[in-house]
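Listing of my_file16.pdb, PDB, C-alpha atoms
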```
ATOM      1  CA  MET A   1      72.310  43.361 -69.733
ATOM      2  CA  LYS A   2      74.332  40.325 -68.640
ATOM      3  CA  GLN A   3      72.179  37.586 -67.113
ATOM      4  CA  PRO A   4      72.912  37.056 -63.430
ATOM      5  CA  ASN A   5      72.956  33.577 -61.935
ATOM      6  CA  ILE A   6      69.663  34.095 -60.108
ATOM      7  CA  GLU A   7      68.286  31.377 -57.828
ATOM      8  CA  LEU A   8      65.826  33.329 -55.698
ATOM      9  CA  ILE A   9      63.407  36.157 -56.496
ATOM     10  CA  LEU A  10      62.173  38.356 -53.649
ATOM     11  CA  PHE A  11      58.934  40.278 -54.167
ATOM     12  CA  ASP A  12      57.738  43.230 -52.159
ATOM     13  CA  LEU A  13      54.104  42.914 -51.083
ATOM     14  CA  GLY A  14      52.343  46.298 -50.883
ATOM     15  CA  GLY A  15      52.810  48.335 -54.043
ATOM     16  CA  VAL A  16      53.902  45.345 -56.120
ATOM     17  CA  LEU A  17      51.781  42.223 -55.582
ATOM     18  CA  VAL A  18      49.060  44.060 -53.691
ATOM     19  CA  ASN A  19      47.619  47.506 -54.364
ATOM     20  CA  VAL A  20      47.028  49.706 -51.324
ATOM     21  CA  ASP A  21      44.228  52.269 -51.618
ATOM     22  CA  THR A  22      45.572  55.023 -49.370
ATOM     23  CA  GLU A  23      42.808  57.429 -50.385
ATOM     24  CA  LYS A  24      40.203  54.947 -49.222
ATOM     25  CA  ALA A  25      42.088  54.421 -45.978
ATOM     26  CA  LEU A  26      42.142  58.168 -45.335
ATOM     27  CA  SER A  27      38.471  58.449 -46.205
ATOM     28  CA  GLN A  28      37.645  55.684 -43.729
ATOM     29  CA  ALA A  29      39.827  57.350 -41.108
ATOM     30  CA  ALA A  30      38.152  60.693 -41.695
ATOM     31  CA  SER A  31      34.729  59.099 -41.269
ATOM     32  CA  LEU A  32      35.786  57.368 -38.084
ATOM     33  CA  LEU A  33      37.406  60.489 -36.628
ATOM     34  CA  HIS A  34      34.746  62.925 -37.907
ATOM     35  CA  CYS A  35      37.288  65.092 -39.708
ATOM     36  CA  THR A  36      38.569  65.806 -43.216
ATOM     37  CA  PRO A  37      40.874  63.338 -45.018
ATOM     38  CA  GLN A  38      43.627  65.967 -44.827
ATOM     39  CA  LYS A  39      43.267  66.195 -41.054
ATOM     40  CA  ALA A  40      43.169  62.386 -40.821
ATOM     41  CA  SER A  41      46.437  62.270 -42.792
ATOM     42  CA  GLU A  42      48.042  64.772 -40.413
ATOM     43  CA  LEU A  43      46.956  62.772 -37.379
ATOM     44  CA  TRP A  44      48.256  59.564 -38.903
ATOM     45  CA  HIS A  45      51.655  61.105 -39.690
ATOM     46  CA  GLN A  46      51.942  62.087 -36.039
ATOM     47  CA  MET A  47      51.912  58.369 -35.271
ATOM     48  CA  ASN A  48      54.699  57.414 -37.682
ATOM     49  CA  GLU A  49      57.141  56.516 -34.921
ATOM     50  CA  ASP A  50      54.606  54.251 -33.208
ATOM     51  CA  HIS A  51      53.813  52.584 -36.523
ATOM     52  CA  HIS A  52      57.492  52.033 -37.298
ATOM     53  CA  GLN A  53      57.906  50.355 -33.918
ATOM     54  CA  TYR A  54      54.969  48.122 -34.752
ATOM     55  CA  GLU A  55      56.384  47.240 -38.171
ATOM     56  CA  ARG A  56      59.716  46.423 -36.495
ATOM     57  CA  GLY A  57      57.978  44.059 -34.099
ATOM     58  CA  LEU A  58      59.096  46.109 -31.100
ATOM     59  CA  ILE A  59      55.516  46.376 -29.850
ATOM     60  CA  ASN A  60      52.728  43.870 -30.304
ATOM     61  CA  THR A  61      49.295  44.388 -31.842
ATOM     62  CA  CYS A  62      47.523  44.962 -28.533
ATOM     63  CA  GLU A  63      50.078  47.600 -27.498
ATOM     64  CA  TRP A  64      49.852  49.366 -30.841
ATOM     65  CA  LEU A  65      46.058  49.404 -30.824
ATOM     66  CA  ASP A  66      46.130  50.851 -27.302
ATOM     67  CA  GLN A  67      48.450  53.634 -28.484
ATOM     68  CA  VAL A  68      46.261  54.453 -31.486
ATOM     69  CA  LYS A  69      43.106  54.418 -29.368
ATOM     70  CA  LYS A  70      44.656  56.820 -26.861
ATOM     71  CA  LYS A  71      46.185  59.240 -29.367
ATOM     72  CA  LEU A  72      43.107  59.350 -31.604
ATOM     73  CA  CYS A  73      40.700  59.450 -28.648
ATOM     74  CA  LEU A  74      38.714  56.439 -29.835
ATOM     75  CA  ALA A  75      36.113  54.785 -27.644
ATOM     76  CA  ASP A  76      37.164  51.267 -28.634
ATOM     77  CA  LYS A  77      40.525  50.137 -29.978
ATOM     78  CA  ARG A  78      38.744  47.647 -32.238
ATOM     79  CA  LEU A  79      37.607  50.634 -34.284
ATOM     80  CA  VAL A  80      41.193  50.971 -35.508
ATOM     81  CA  LEU A  81      40.740  47.755 -37.486
ATOM     82  CA  GLU A  82      38.092  49.501 -39.588
ATOM     83  CA  LEU A  83      40.825  51.752 -40.984
ATOM     84  CA  PHE A  84      42.338  48.749 -42.744
ATOM     85  CA  SER A  85      39.199  47.106 -44.074
ATOM     86  CA  ASN A  86      38.837  46.761 -47.845
ATOM     87  CA  ILE A  87      41.887  48.852 -48.765
ATOM     88  CA  PHE A  88      43.873  46.024 -50.391
ATOM     89  CA  THR A  89      43.405  44.552 -53.870
ATOM     90  CA  LEU A  90      45.499  42.075 -55.810
ATOM     91  CA  ASN A  91      47.752  43.231 -58.630
ATOM     92  CA  LEU A  92      46.767  40.250 -60.748
ATOM     93  CA  PRO A  93      49.137  40.826 -63.708
ATOM     94  CA  VAL A  94      52.139  40.833 -61.359
ATOM     95  CA  ILE A  95      50.868  37.747 -59.560
ATOM     96  CA  LYS A  96      50.628  35.943 -62.915
ATOM     97  CA  ILE A  97      54.237  36.901 -63.645
ATOM     98  CA  ALA A  98      55.300  35.603 -60.227
ATOM     99  CA  GLN A  99      53.457  32.338 -60.826
ATOM    100  CA  GLN A 100      55.354  31.858 -64.084
ATOM    101  CA  LEU A 101      58.650  32.649 -62.370
ATOM    102  CA  SER A 102      57.882  30.125 -59.623
ATOM    103  CA  LYS A 103      58.297  27.329 -62.193
ATOM    104  CA  TYR A 104      61.987  28.137 -62.537
ATOM    105  CA  TYR A 105      63.072  30.060 -59.435
ATOM    106  CA  SER A 106      62.576  29.973 -55.696
ATOM    107  CA  LEU A 107      60.296  32.803 -54.550
ATOM    108  CA  ALA A 108      59.822  34.665 -51.276
ATOM    109  CA  LEU A 109      58.049  37.766 -50.012
ATOM    110  CA  LEU A 110      60.067  40.556 -48.387
ATOM    111  CA  SER A 111      57.855  43.246 -46.924
ATOM    112  CA  ASN A 112      57.788  46.156 -44.521
ATOM    113  CA  THR A 113      54.486  45.394 -42.857
ATOM    114  CA  ASN A 114      52.722  44.829 -39.565
ATOM    115  CA  PRO A 115      50.788  41.800 -38.283
ATOM    116  CA  ILE A 116      47.359  43.349 -38.899
ATOM    117  CA  HIS A 117      48.114  44.124 -42.547
ATOM    118  CA  PHE A 118      50.074  40.965 -43.248
ATOM    119  CA  TYR A 119      47.603  38.462 -41.836
ATOM    120  CA  ARG A 120      44.626  40.273 -43.349
ATOM    121  CA  ILE A 121      46.252  40.147 -46.791
ATOM    122  CA  MET A 122      47.244  36.490 -46.493
ATOM    123  CA  ASN A 123      43.801  35.516 -45.185
ATOM    124  CA  ASP A 124      41.908  37.521 -47.801
ATOM    125  CA  PHE A 125      44.034  36.515 -50.786
ATOM    126  CA  PRO A 126      44.811  32.782 -51.029
ATOM    127  CA  GLU A 127      46.133  33.582 -54.515
ATOM    128  CA  LEU A 128      49.379  34.556 -52.743
ATOM    129  CA  HIS A 129      49.813  31.201 -51.033
ATOM    130  CA  PHE A 130      52.070  29.865 -53.781
ATOM    131  CA  PHE A 131      54.839  31.909 -52.145
ATOM    132  CA  PRO A 132      56.474  29.346 -49.847
ATOM    133  CA  THR A 133      58.165  31.912 -47.601
ATOM    134  CA  ALA A 134      57.304  35.370 -46.315
ATOM    135  CA  ILE A 135      59.913  37.518 -44.606
ATOM    136  CA  THR A 136      58.408  40.482 -42.779
ATOM    137  CA  SER A 137      59.890  43.456 -41.009
ATOM    138  CA  PHE A 138      58.068  42.644 -37.779
ATOM    139  CA  GLN A 139      59.609  39.160 -37.727
ATOM    140  CA  MET A 140      63.114  40.389 -38.626
ATOM    141  CA  HIS A 141      63.016  43.472 -36.346
ATOM    142  CA  ALA A 142      64.365  45.564 -39.230
ATOM    143  CA  LEU A 143      62.912  47.728 -41.986
ATOM    144  CA  LYS A 144      63.830  48.215 -45.610
ATOM    145  CA  PRO A 145      66.005  49.988 -46.709
ATOM    146  CA  GLU A 146      68.241  48.932 -43.798
ATOM    147  CA  LYS A 147      70.934  46.545 -45.021
ATOM    148  CA  GLU A 148      70.307  44.188 -42.131
ATOM    149  CA  ILE A 149      66.957  42.964 -43.418
ATOM    150  CA  TYR A 150      68.366  42.052 -46.840
ATOM    151  CA  LEU A 151      71.344  40.198 -45.421
ATOM    152  CA  LYS A 152      69.239  38.382 -42.817
ATOM    153  CA  SER A 153      66.786  37.376 -45.522
ATOM    154  CA  CYS A 154      69.507  35.812 -47.639
ATOM    155  CA  SER A 155      70.951  34.024 -44.608
ATOM    156  CA  ASN A 156      67.567  32.661 -43.560
ATOM    157  CA  LEU A 157      66.852  31.485 -47.099
ATOM    158  CA  GLY A 158      70.238  29.828 -47.462
ATOM    159  CA  THR A 159      71.513  31.871 -50.373
ATOM    160  CA  LEU A 160      73.834  34.762 -51.205
ATOM    161  CA  PRO A 161      72.790  38.287 -52.232
ATOM    162  CA  ILE A 162      74.416  37.813 -55.630
ATOM    163  CA  ARG A 163      71.985  34.934 -56.283
ATOM    164  CA  CYS A 164      68.905  37.092 -55.566
ATOM    165  CA  LEU A 165      66.686  39.323 -57.638
ATOM    166  CA  PHE A 166      64.679  41.842 -55.604
ATOM    167  CA  ILE A 167      61.551  43.612 -56.907
ATOM    168  CA  ASP A 168      60.204  46.610 -54.970
ATOM    169  CA  ASP A 169      58.275  49.780 -55.779
ATOM    170  CA  ARG A 170      60.468  52.119 -53.700
ATOM    171  CA  GLU A 171      63.718  53.401 -55.162
ATOM    172  CA  GLU A 172      65.517  53.585 -51.812
ATOM    173  CA  ASN A 173      64.763  49.920 -51.145
ATOM    174  CA  VAL A 174      66.056  48.907 -54.561
ATOM    175  CA  LEU A 175      69.260  50.927 -54.191
ATOM    176  CA  THR A 176      70.122  49.313 -50.858
ATOM    177  CA  ALA A 177      69.467  45.866 -52.290
ATOM    178  CA  ILE A 178      71.984  46.644 -55.018
ATOM    179  CA  GLU A 179      74.462  47.906 -52.394
ATOM    180  CA  VAL A 180      74.410  44.568 -50.574
ATOM    181  CA  GLY A 181      75.035  42.690 -53.821
ATOM    182  CA  MET A 182      71.563  41.806 -55.066
ATOM    183  CA  CYS A 183      70.234  42.308 -58.543
ATOM    184  CA  ALA A 184      67.211  44.606 -58.102
ATOM    185  CA  VAL A 185      64.577  46.364 -60.185
ATOM    186  CA  GLN A 186      62.067  49.043 -59.257
ATOM    187  CA  PHE A 187      58.467  48.193 -60.021
ATOM    188  CA  THR A 188      56.451  51.001 -61.590
ATOM    189  CA  THR A 189      54.294  49.305 -64.225
ATOM    190  CA  VAL A 190      53.729  45.762 -65.421
ATOM    191  CA  GLU A 191      55.178  46.689 -68.810
ATOM    192  CA  LYS A 192      58.397  47.986 -67.265
ATOM    193  CA  LEU A 193      58.711  44.905 -65.063
ATOM    194  CA  LEU A 194      58.405  42.635 -68.085
ATOM    195  CA  ASP A 195      60.995  44.722 -69.899
ATOM    196  CA  ASP A 196      63.396  44.626 -66.922
ATOM    197  CA  LEU A 197      63.026  40.858 -66.608
ATOM    198  CA  GLN A 198      63.542  40.408 -70.324
ATOM    199  CA  LYS A 199      66.762  42.434 -70.140
ATOM    200  CA  LEU A 200      67.916  40.013 -67.450
ATOM    201  CA  SER A 201      66.956  37.061 -69.701
ATOM    202  CA  ILE A 202      64.624  35.864 -66.967
ATOM    203  CA  ILE A 203      61.091  36.295 -68.263
ATOM    204  CA  ILE A 204      61.975  34.942 -71.712
ATOM    205  CA  LYS A 205      62.836  31.553 -70.280
ATOM    206  CA  CYS A 206      59.580  31.472 -68.337
ATOM    207  CA  MET A 207      57.336  32.584 -71.171
ATOM    208  CA  GLU A 208      58.715  29.912 -73.497
ATOM    209  CA  ASP A 209      57.175  27.194 -71.332
TER     210      ASP A 209
END
```

Just dump the structure as structure tokens.
Amino acid sequence: MKQPNIELILFDLGGVLVNVDTEKALSQAASLLHCTPQKASELWHQMNEDHHQYERGLINTCEWLDQVKKKLCLADKRLVLELFSNIFTLNLPVIKIAQQLSKYYSLALLSNTNPIHFYRIMNDFPELHFFPTAITSFQMHALKPEKEIYLKSCSNLGTLPIRCLFIDDREENVLTAIEVGMCAVQFTTVEKLLDDLQKLSIIIKCMED
């Protein structure tokens, strides 16, 4: 594969740098709501539109918590925060790769996320603080795989899509990145990521240090 002239590497957060334990989240929700995990999943899916608004930054945290409290019939909206406790863990091998890449390329985070998740992750995991910039859906008022968020990200970071490599675990997000002119790879395993980077002649340069 021909090496692109990459200046900036954008990493997705959840599913790439950070593992998200959805089974644990559903188990915690089921315990809180006194129902089965399957029922908790059904109730959560009914709130997809509200959650998307929250991830877009169209409603704030207080408004979103009020909506969840009302729809799930919770006594206290602070109970919602328990759904997100201890469900995130670092994907350390990918973080080590990113740290190596940071010696040679500019790095940034590009994530569909909400303020509760984002600030919990950044507070809990200082290992991610070597990323100088984080671009989030709630700040950009757009969600991947919408083209707008990719183009705005490049503009804000002072570069062109053709100078960017994007790494994400979702195929639809990767395909749109390619459509707007980025080089992009889908993360599935650490081994595949290393192979993809090697094909782009990126990881080789870093590992020779």

**Message:** Using all atoms listed in the file for the distances, tell me which of A:Pro37, A:Gly181, A:Gly57, A:Pro132 is nearest to Tyr150 in chain A.
**Reply:**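 Looking at the shortest contact to Tyr150 in chain A, the residue is A:Gly181.
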
**Request:** Identify the residues around (61.6, 48.2, -57.4) within a radius of 7 Å, measuring from only C-alpha atoms in the coordinates stated by the file, and give them as number ranges by chain.
**Result:** A: 167-171, 174, 184-187

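If you count all atoms listed in the file and ignore residues fewer than 4 places along the chain from range 81-91 of chain A, what sits within 6 Å of it is Leu17, Val18, Asn19, Val20, Asp21, Ala25, Gln28 and Ala29 of chain A.
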
**Asked** Interatomic distance between CA of Leu26 in chain A and CA of Thr61 in chain A?
**Response** 20.6 Å

**Message:** For the provided coordinates, the residues matched by the PyMOL selection byres ((chain A and resi 129) around 12) should be stated as number ranges by chain.
**Reply:** A: 95, 98-99, 102, 107-109, 119, 121-128, 130-134

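Taking only C-alpha atoms into account, Thr189 in chain A lies nearest to A:Val94 out of the set A:Val94, A:Ala142, A:Ala30, A:Asn112.
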
**Prompt:** What's the 6 Å shell around Lys77 in chain A, counting only C-alpha atoms, without same-chain residues fewer than 3 positions away, as a PyMOL selection string?
**Reply:** chain A and resi 65+69+80

**Asked** Given the file above and the PyMOL selection byres ((chain A and resi 105) around 6), which residues are selected, and can you give them as a list of chain:residue names?
**Response** A:Glu7, A:Leu8, A:Leu101, A:Ser102, A:Tyr104, A:Ser106

**Request:** Would you please work out which residue, of A:Phe11, A:Lys24, A:Cys183, A:His141, is nearest to Asn60 in chain A when using all atoms listed in the file?
**Result:**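 Among the listed residues, the smallest separation from Asn60 in chain A belongs to A:His141.
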
**Asked** A:Leu79, A:Ile6, A:Ile202, A:Leu58: which is nearest Met140 in chain A, counting all atoms listed in the file?
**Response**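 Ranking A:Leu79, A:Ile6, A:Ile202, A:Leu58 by distance to Met140 in chain A, first place goes to A:Leu58.
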
Box for range 149-152 of chain A: with edges along x, y and z, all listed atoms inside and 4 Å added on each side, what are the centre and edge lengths in Å to one decimal, as JSON?
```
{"center_x": 69.2, "center_y": 40.7, "center_z": -44.8, "size_x": 12.4, "size_y": 12.6, "size_z": 12.0}
```

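Interatomic distance, CA of Leu33 in chain A to CA of Met47 in chain A: 14.7 Å.
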